Amino acid sequence: ASDVDEPVVAARVSTADGRGIEVAANVGRPAELDPAAERGADGIGLYRTEFLFLDRDAPPDEDEQFEAITAALQAFPDERVVVRTLDVGGDKQVPYLDLPAEPNPFLGRRGVRLSLSDHADLFETQLRALLRAAATDAGDGLAVMVPMVARVEEVEDVLSRIEAVAATLDTEGVDYEIPALGAMVETPAASYVAGALADRLDFLSIGTNDLTQYVMAADRENDGVADLHDPLHPAVLRAVDRTVTAAHACDAWVGMCGEMAGDPDLTELLVGLGLDELSMSAVTVPAVKQRVRETDSETAAALADEILACETRAAVVARLDGVE
Ligand code: PEP
Ligand code: MG
């Protein structure tokens, strides 16, 4: 399944001055697991679980989800595997779920909003599968994150549902562990309350595809506003910066799993902004690792400071190109 000639041994990579950065892969279906390992990914930074729900007539049961999660853990037995709970709604429709028709789906019931309301039953099943998978041999590496968070209360609600699921599994005598827990930062609201989120969680992961869409009010799928859907706009970069700073103040690690993380020309900037993990399409893992190795973290931090002071995309790009 892979077009890689020489498998690369998975290894955590460090900057030239020794700061460890995890370079992980985004995976959207099981067939992508082995190629990600062959490319040298340090685990999975985003496992999109939608594949389990699409192109079928009924949702997967708990055992099917458990099997899929444990397969991912076994593909990366010594690494972290971040599984995202179901992220449908918005552009992703699932006919049998009877999702509401909405005038503005990207501003509607999607991600964790659905998991906590109309589809609490599906969420509970997914949580049961995840907690059981965390108790398996490679389960120590499991981390779970929820998409489309905008409010602290959503995270608190997720945490109490996890406690309830754990209590039920306990009563049933089923083995489980509570995995590391995180939230995606992909709404401006989440970036503004990142400290409060991080206070309650182990990590945050910045989804720049959606974060850019919502910061810039520019549909990520609309070619007519493609120039506005721009992660190099100073506002997006400042949202990333405030998220990293807030997470670190709460001793939470913070990653990035949007497309931006996989651009080797942005690696120095992202290291300079303080990200601990970058997760991307597996194909770009080797190039980003190489850029991490070439980066000096103090120089990168100085670059990030200068770029955060820029007022326009043009100024950001000029500074990245070393023109200013
Ligand atoms: C994102 O929004 O940046 C992200 C990684 O999630 P998705 O692309 O699946 O919405
Ligand atoms: Mg997203």
# chains A, B, ... in the order shown; residues from 1 in each chain; ligands from 1
>>> residues_around(residues="Glu294 in chain A", least_positions_apart="3", cutoff="12 Å", atoms="only C-alpha atoms", output="VMD selection string")
chain A and resid 13 to 19 264 to 265 267 to 268 271 287 to 291 297 299 to 300
>>> residues_near_ligand(ligand="ligand 1", cutoff="8 Å", atoms="only C-alpha atoms and all ligand atoms", output="list in words")
Leu46, Arg48, Asp87, Pro147, Glu186, Ile206, Gly207, Thr208, Asn209, Asp210, Leu211, Met256, Cys257, Gly258 and Glu259 of chain A
>>> write_last_selection(atoms="C-alpha atoms", output="PDB file, in the first residue's frame")
ATOM      1  CA  LEU A  46      -5.261  12.785  14.332  1.00  0.00           C
ATOM      2  CA  ARG A  48     -10.406  10.771  11.980  1.00  0.00           C
ATOM      3  CA  ASP A  87     -16.816  14.785  13.636  1.00  0.00           C
ATOM      4  CA  PRO A 147     -13.722  18.287  17.725  1.00  0.00           C
ATOM      5  CA  GLU A 186     -10.689  25.060  15.783  1.00  0.00           C
ATOM      6  CA  ILE A 206      -5.092  23.116  16.827  1.00  0.00           C
ATOM      7  CA  GLY A 207      -7.139  22.322  13.739  1.00  0.00           C
ATOM      8  CA  THR A 208      -6.038  25.117  11.461  1.00  0.00           C
ATOM      9  CA  ASN A 209      -8.354  24.121   8.606  1.00  0.00           C
ATOM     10  CA  ASP A 210     -11.410  25.015  10.628  1.00  0.00           C
ATOM     11  CA  LEU A 211      -9.712  27.606  12.817  1.00  0.00           C
ATOM     12  CA  MET A 256      -1.335  21.210  15.410  1.00  0.00           C
ATOM     13  CA  CYS A 257      -3.168  18.869  13.058  1.00  0.00           C
ATOM     14  CA  GLY A 258      -4.455  21.162  10.293  1.00  0.00           C
ATOM     15  CA  GLU A 259      -2.881  21.287   6.811  1.00  0.00           C
TER      16      GLU A 259
END
>>> select_by_dssp(residues="range 194-241 of chain A", states="alpha helix (DSSP H)", output="PyMOL selection string")
chain A and resi 194-200+208-216+234-241
>>> closest_residue(among="A:Ser160, A:Thr168, A:Gln74, A:Asn26", to="ligand 2", atoms="only C-alpha atoms and all ligand atoms")
A:Asn26
>>> closest_residue(among="A:Gly108, A:Gly139, A:Gly89, A:Pro35", to="Ile178 in chain A", atoms="only C-alpha atoms")
A:Gly139
>>> closest_residue(among="A:Cys310, A:Leu270, A:Val88, A:Ile21", to="ligand 2", atoms="only C-alpha atoms and all ligand atoms")
A:Val88
>>> residues_around(residues="range 319-321 of chain A", least_positions_apart="2", cutoff="9 Å", atoms="only C-alpha atoms", output="VMD selection string")
chain A and resid 265 to 266 269 303 306 to 307 310 314 to 317 323 to 324
>>> residues_around(residues="Leu122 in chain A", least_positions_apart="2", cutoff="12 Å", atoms="only C-alpha atoms", output="ChimeraX atom specification")
/A:52-53,58-62,65,85-88,97,112,114-120,124-129
>>> select_by_dssp(residues="range 29-244 of chain A", states="strand (DSSP E or B)", output="PyMOL selection string")
chain A and resi 44-48+81-84+89+92+142-146+180-185+203-206
>>> residues_around(residues="range 223-226 of chain A", least_positions_apart="6", cutoff="12 Å", atoms="only C-alpha atoms", output="list in words")
Asn209, Thr212, Gln213, Met216 and Ala217 of chain A
>>> atom_distance(atom1="CA of Ser281 in chain A", atom2="CA of Arg313 in chain A")
24.6 Å
>>> closest_residue(among="A:Ala71, A:Leu159, A:Met184, A:Ala25", to="ligand 2", atoms="only C-alpha atoms and all ligand atoms")
A:Met184
